[in-house]
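Enquirer: Dropping a structure here in structure tokens format, bear with me for questions.
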Amino acid sequence: MVKATKAEKKIAYDAKLCQLVDEYTQILVVAADNVGSTQLQSIRKGLRGDSVVLMGKNTMMKRSVRIHAENTGNTGIMNLLPLLQGNVGLIFTKGDLKEVSEEVAKYKVGAPARVGLVAPIDVVVQPGNTGLDPSQTSFFQVLNIPTKINKGTVEIITPVELIKQGDKVGSSEAALLAKLGIRPFSYGLVVQSVYDNGSVFSPEVLNLTEDDLVEKFAAGISMVTSLALAVSYPTIAAAPHMFINAYKNALAISVATEYTFPQAEKVKEFLKDPSKFAVAVAAVSADASGGAGAGAAKVEEKKQEVEESDEEDYGGFGLFDE
């Protein structure tokens, strides 16, 4: 079989990426740092069906994207170019973006702390028996880890933060973790950005629920309403408040002057004679309690009807029908 040249490989890669862009409108841009070929193959198998994983050099991916944009006029795909930095890959999918992201996150593999590696998380060594013999205490002394000898083995006394997030792993830390059999880091594809029909957004958007959207929408309406009220600009959201405020202003003028209008007359009556307001409140309370009493009376009446019907059955020897 004749081996393809570099030029032929580039042409084939361009054709494949352009075909995927035509077929899929949703793309996850994922970081692939410290992800091995075997792990990547497992991810491909897990996503098989509605998603395709495509890796490649950034220069080749950018070139293919530009070629596709020029040939098809799809300028929205150009939004991918700023995202193709570092060790990244593309996941083309037709499925639900959140479900695909969660599926990708499942394929993480534990990894040892190698010298010179930047720690993605804090590494804390918990207290307990290490199983190491007393001759190994030099490692703990170099790292200022308090230990004691218990039953012929080294035991760590207190929790120790061995490596902080963002720090490089030193040779002593790597050797100690290896001796303890600790694989503190886990690696896999990490979704960095989401492309959907020309729009690019953070993967955090995928975790938003309907309640979150309603809350944000309500907050937006509140801000628009406040702004509209501050500048006296009428909007649908601000209109009810404007009407109420206008009514309050007109009512205040009516109370302070002889001018009146139908909606203000009752208020002015209450201000002149507060006892009328007390009577009105009492009437409303009576109506409410009367409605509840009527409901209770109906229930009691129905109960009496049932009891009377039972008595009639008993009087007609209904108990001995069987």
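Here's how to read the names in the structure tokens: chain A, B, ... by the order shown, residue numbers from 1 in each chain, ligand numbers from 1 in the order shown.
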Can you pull out the residues contacting A:Ser138? Cut-off 12 Å, using only C-alpha atoms, and skip same-chain residues under 4 positions away; I want them as a VMD selection string.
Expert: chain A and resid 132 to 134 142 to 147 154 172 175 to 176
Enquirer: Which parts of stretch 34-278 of chain A does DSSP call strand (DSSP E or B) when run on the backbone here, written out as a PyMOL selection string?
Expert: chain A and resi 51-54+88-93+109-111+118+123-125+128-129+147-150+153-156+160-163+168+185-187+190-196+199-201
Enquirer: Restrict the selected residues to N, CA and C atoms and save them as a compact mmCIF listing (two decimals), in the first residue's frame.
Expert:
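Ended up saving to result.txt:
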# COMPACT_ATOMS: atom_id res chain seq x y z
N SER A 51 -21.79 11.82 17.70
CA SER A 51 -20.68 12.76 17.87
C SER A 51 -19.42 12.20 17.23
N VAL A 52 -18.56 13.11 16.78
CA VAL A 52 -17.29 12.75 16.14
C VAL A 52 -16.18 13.60 16.76
N VAL A 53 -15.10 12.96 17.18
CA VAL A 53 -13.95 13.66 17.75
C VAL A 53 -12.90 13.83 16.67
N LEU A 54 -12.45 15.08 16.49
CA LEU A 54 -11.42 15.37 15.48
C LEU A 54 -10.28 16.11 16.15
N VAL A 88 -5.77 21.53 21.65
CA VAL A 88 -7.22 21.43 21.63
C VAL A 88 -7.68 20.50 20.51
N GLY A 89 -8.92 20.05 20.65
CA GLY A 89 -9.57 19.23 19.64
C GLY A 89 -11.00 19.69 19.48
N LEU A 90 -11.68 19.11 18.49
CA LEU A 90 -13.07 19.49 18.21
C LEU A 90 -13.96 18.26 18.31
N ILE A 91 -15.10 18.42 18.97
CA ILE A 91 -16.11 17.36 19.03
C ILE A 91 -17.35 17.87 18.30
N PHE A 92 -17.63 17.29 17.15
CA PHE A 92 -18.81 17.63 16.37
C PHE A 92 -19.96 16.76 16.85
N THR A 93 -21.09 17.37 17.13
CA THR A 93 -22.19 16.58 17.70
C THR A 93 -23.54 17.06 17.20
N VAL A 109 -8.82 9.76 33.58
CA VAL A 109 -7.90 8.70 34.02
C VAL A 109 -6.95 9.29 35.04
N GLY A 110 -6.73 8.56 36.15
CA GLY A 110 -5.79 9.00 37.16
C GLY A 110 -4.38 8.98 36.63
N ALA A 111 -3.58 9.96 37.10
CA ALA A 111 -2.20 10.06 36.62
C ALA A 111 -1.29 10.42 37.78
N VAL A 118 2.61 21.09 36.07
CA VAL A 118 1.86 22.10 36.81
C VAL A 118 0.63 21.43 37.42
N VAL A 123 -2.86 19.21 46.27
CA VAL A 123 -2.59 17.83 46.67
C VAL A 123 -2.36 17.81 48.17
N VAL A 124 -3.23 17.12 48.90
CA VAL A 124 -3.14 17.03 50.35
C VAL A 124 -2.93 15.57 50.73
N VAL A 125 -1.86 15.33 51.50
CA VAL A 125 -1.57 13.98 52.00
C VAL A 125 -2.25 13.82 53.35
N GLY A 128 -2.07 9.04 58.45
CA GLY A 128 -2.29 7.60 58.48
C GLY A 128 -1.00 6.85 58.27
N ASN A 129 -1.11 5.54 58.34
CA ASN A 129 0.05 4.67 58.17
C ASN A 129 0.42 4.59 56.70
N THR A 147 5.95 13.12 61.24
CA THR A 147 5.70 11.67 61.23
C THR A 147 6.11 11.07 62.57
N LYS A 148 5.73 9.81 62.74
CA LYS A 148 6.17 9.03 63.90
C LYS A 148 6.27 7.57 63.47
N ILE A 149 7.03 6.82 64.22
CA ILE A 149 7.19 5.40 63.93
C ILE A 149 6.16 4.63 64.75
N ASN A 150 5.34 3.87 64.05
CA ASN A 150 4.29 3.11 64.72
C ASN A 150 4.32 1.68 64.19
N THR A 153 6.60 1.03 61.13
CA THR A 153 6.33 1.74 59.88
C THR A 153 6.16 3.23 60.15
N VAL A 154 6.31 4.02 59.10
CA VAL A 154 6.18 5.48 59.22
C VAL A 154 4.71 5.86 59.16
N GLU A 155 4.27 6.70 60.08
CA GLU A 155 2.89 7.16 60.10
C GLU A 155 2.85 8.68 60.06
N ILE A 156 2.05 9.23 59.15
CA ILE A 156 1.88 10.68 59.05
C ILE A 156 0.90 11.12 60.14
N VAL A 160 -1.20 17.25 55.38
CA VAL A 160 -0.17 18.15 54.85
C VAL A 160 -0.52 18.52 53.41
N GLU A 161 -0.55 19.85 53.14
CA GLU A 161 -0.76 20.31 51.76
C GLU A 161 0.58 20.23 51.04
N LEU A 162 0.74 19.19 50.26
CA LEU A 162 2.03 18.90 49.64
C LEU A 162 2.29 19.81 48.44
N ILE A 163 1.27 19.97 47.59
CA ILE A 163 1.41 20.78 46.37
C ILE A 163 0.18 21.68 46.25
N LYS A 168 4.54 23.93 40.27
CA LYS A 168 5.18 22.81 39.57
C LYS A 168 5.55 21.71 40.56
N PHE A 185 -3.66 13.30 40.32
CA PHE A 185 -4.26 14.05 39.23
C PHE A 185 -5.09 13.14 38.33
N SER A 186 -6.07 13.71 37.70
CA SER A 186 -6.86 12.98 36.71
C SER A 186 -7.02 13.86 35.49
N TYR A 187 -6.89 13.23 34.32
CA TYR A 187 -6.92 13.99 33.07
C TYR A 187 -7.96 13.43 32.12
N VAL A 190 -11.41 18.40 28.40
CA VAL A 190 -12.10 19.44 29.15
C VAL A 190 -12.72 20.42 28.16
N VAL A 191 -14.03 20.59 28.25
CA VAL A 191 -14.73 21.50 27.34
C VAL A 191 -14.37 22.94 27.70
N GLN A 192 -13.80 23.66 26.74
CA GLN A 192 -13.40 25.04 26.96
C GLN A 192 -14.41 26.04 26.40
N SER A 193 -14.97 25.72 25.23
CA SER A 193 -15.92 26.63 24.59
C SER A 193 -16.93 25.81 23.82
N VAL A 194 -18.06 26.43 23.53
CA VAL A 194 -19.14 25.78 22.79
C VAL A 194 -19.49 26.63 21.57
N TYR A 195 -19.53 25.99 20.42
CA TYR A 195 -19.92 26.65 19.17
C TYR A 195 -21.27 26.09 18.74
N ASP A 196 -22.22 26.99 18.47
CA ASP A 196 -23.56 26.55 18.07
C ASP A 196 -24.11 27.51 17.02
N SER A 199 -22.55 30.94 16.94
CA SER A 199 -22.41 31.59 18.24
C SER A 199 -21.43 30.80 19.11
N VAL A 200 -20.64 31.53 19.87
CA VAL A 200 -19.66 30.91 20.77
C VAL A 200 -19.95 31.36 22.20
N PHE A 201 -20.01 30.41 23.13
CA PHE A 201 -20.28 30.76 24.51
C PHE A 201 -19.56 29.80 25.44
Enquirer: Write out as a compact mmCIF listing (two decimals) with N, CA, C and O atoms, in the first residue's frame which residues come within 12 Å of A:Ala69 when counting only C-alpha atoms, dropping same-chain ones fewer than 4 positions away.
Expert:
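Writing the result to part27.txt gives the following:
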# COMPACT_ATOMS: atom_id res chain seq x y z
N ASP A 14 -8.46 18.47 5.21
CA ASP A 14 -9.33 19.59 4.85
C ASP A 14 -10.71 19.10 4.45
O ASP A 14 -11.75 19.66 4.86
N LEU A 17 -12.65 17.82 7.62
CA LEU A 17 -13.13 18.87 8.51
C LEU A 17 -14.27 19.65 7.85
O LEU A 17 -15.27 19.98 8.50
N CYS A 18 -14.14 19.97 6.56
CA CYS A 18 -15.19 20.70 5.85
C CYS A 18 -16.48 19.89 5.80
O CYS A 18 -17.58 20.45 5.94
N VAL A 21 -18.08 20.12 9.25
CA VAL A 21 -18.68 21.44 9.48
C VAL A 21 -20.00 21.56 8.73
O VAL A 21 -20.95 22.18 9.23
N ASP A 22 -20.06 20.99 7.54
CA ASP A 22 -21.31 21.01 6.77
C ASP A 22 -22.39 20.17 7.45
O ASP A 22 -23.57 20.52 7.41
N LYS A 62 -7.10 25.62 11.53
CA LYS A 62 -7.40 26.99 11.12
C LYS A 62 -7.43 27.11 9.61
O LYS A 62 -8.29 27.81 9.05
N ARG A 63 -6.50 26.45 8.94
CA ARG A 63 -6.46 26.49 7.47
C ARG A 63 -7.72 25.90 6.88
O ARG A 63 -8.33 26.46 5.96
N SER A 64 -8.16 24.77 7.42
CA SER A 64 -9.37 24.12 6.92
C SER A 64 -10.61 24.97 7.16
O SER A 64 -11.50 25.05 6.32
N VAL A 65 -10.67 25.63 8.33
CA VAL A 65 -11.80 26.51 8.63
C VAL A 65 -11.86 27.67 7.65
O VAL A 65 -12.93 28.04 7.15
N GLY A 73 -19.02 30.55 2.08
CA GLY A 73 -19.55 31.82 2.56
C GLY A 73 -20.06 31.76 4.00
O GLY A 73 -20.72 32.69 4.47
N ASN A 74 -19.75 30.68 4.70
CA ASN A 74 -20.16 30.51 6.10
C ASN A 74 -19.19 31.27 6.99
O ASN A 74 -18.21 30.72 7.51
N THR A 75 -19.45 32.56 7.19
CA THR A 75 -18.54 33.39 7.98
C THR A 75 -18.65 33.09 9.48
O THR A 75 -17.74 33.40 10.24
N GLY A 76 -19.76 32.49 9.91
CA GLY A 76 -19.93 32.19 11.32
C GLY A 76 -18.89 31.21 11.84
O GLY A 76 -18.49 31.28 13.00
N ILE A 77 -18.42 30.32 10.96
CA ILE A 77 -17.44 29.32 11.39
C ILE A 77 -16.10 29.96 11.72
O ILE A 77 -15.27 29.37 12.43
N MET A 78 -15.89 31.19 11.24
CA MET A 78 -14.63 31.89 11.54
C MET A 78 -14.50 32.21 13.03
O MET A 78 -13.41 32.49 13.51
N ASN A 79 -15.62 32.17 13.76
CA ASN A 79 -15.56 32.41 15.21
C ASN A 79 -14.78 31.33 15.94
O ASN A 79 -14.43 31.49 17.12
N LEU A 80 -14.51 30.21 15.26
CA LEU A 80 -13.73 29.14 15.88
C LEU A 80 -12.24 29.48 15.94
O LEU A 80 -11.53 28.96 16.80
N LEU A 81 -11.77 30.32 15.04
CA LEU A 81 -10.33 30.57 14.91
C LEU A 81 -9.67 31.04 16.22
O LEU A 81 -8.63 30.51 16.60
N GLY A 198 -22.75 29.34 14.70
CA GLY A 198 -22.08 30.62 14.57
C GLY A 198 -21.88 31.37 15.87
O GLY A 198 -21.11 32.33 15.92
Enquirer: Using only C-alpha atoms, which residue out of A:Met55, A:Leu189, A:Leu229, A:Ile67 lies closest to A:Phe243?
Expert: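 Of A:Met55, A:Leu189, A:Leu229, A:Ile67, the one nearest A:Phe243 is A:Leu229, counting only C-alpha atoms.
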Enquirer: Give me, please, the distance in Å between atom CA of A:Arg114 and atom CA of A:Gly152, quoted to one decimal.
Expert: 29.2 Å
Enquirer: Under the rule that only C-alpha atoms are counted, which of A:Gly46, A:Met61, A:Lys216, A:Val35 is the nearest residue to A:Ile11?
Expert: A:Met61
Enquirer: Under the rule that only C-alpha atoms are counted, which of A:Gln41, A:Gln136, A:Leu206, A:Asn71 is the nearest residue to A:Val100?
Expert: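 Ranked by minimum distance to A:Val100, first place goes to A:Leu206.
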Enquirer: Can you tell me which residues surround A:Ala238 at a distance of at most 12 Å, considering only C-alpha atoms, apart from same-chain residues fewer than 6 positions away, and format the answer as JSON, numbers by chain?
Expert: {"A": [221, 222, 223, 224, 225, 226, 227, 228, 229, 230, 231, 232, 244, 245]}
Enquirer: Generate the output file for the selected residues, C-alpha atoms, as a short mmCIF file (atom, residue, chain, number, x, y, z; two decimals), in the first residue's frame.
Expert:
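Here's the written file part_27.cif:
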data_model
loop_
_atom_site.label_atom_id
_atom_site.label_comp_id
_atom_site.auth_asym_id
_atom_site.auth_seq_id
_atom_site.Cartn_x
_atom_site.Cartn_y
_atom_site.Cartn_z
CA ILE A 221 -36.80 43.26 33.70
CA SER A 222 -36.24 44.81 37.12
CA MET A 223 -33.23 46.75 35.84
CA VAL A 224 -35.09 47.94 32.73
CA THR A 225 -38.05 49.01 34.87
CA SER A 226 -35.81 50.93 37.29
CA LEU A 227 -34.05 52.70 34.41
CA ALA A 228 -37.34 53.54 32.70
CA LEU A 229 -38.75 54.98 35.93
CA ALA A 230 -35.58 57.00 36.57
CA VAL A 231 -35.66 58.67 33.14
CA SER A 232 -39.48 58.73 32.86
CA ILE A 244 -49.71 54.06 40.20
CA ASN A 245 -47.24 56.88 40.83
#
Enquirer: Mind the document's chain letters and residue numbers, and return as a PyMOL selection string the residues of stretch 15-200 of chain A that DSSP labels helix (DSSP H, G or I).
Expert: chain A and resi 15-23+37-47+58-72+75-83+97-106+134-142+171-180
Enquirer: In Å, with one decimal, what is the gap from atom CA of A:Pro112 to atom CA of A:Asn34?
Expert: 11.2 Å
Enquirer: Hey, can you check how far atom CA of A:Val30 sits from atom CA of A:Lys108?
Expert: 13.4 Å
Enquirer: Go through A:Phe140, A:Glu204, A:Ala282, A:Gly95 and flag the residue nearest A:Gly49, using only C-alpha atoms for the distances.
Expert: A:Gly95
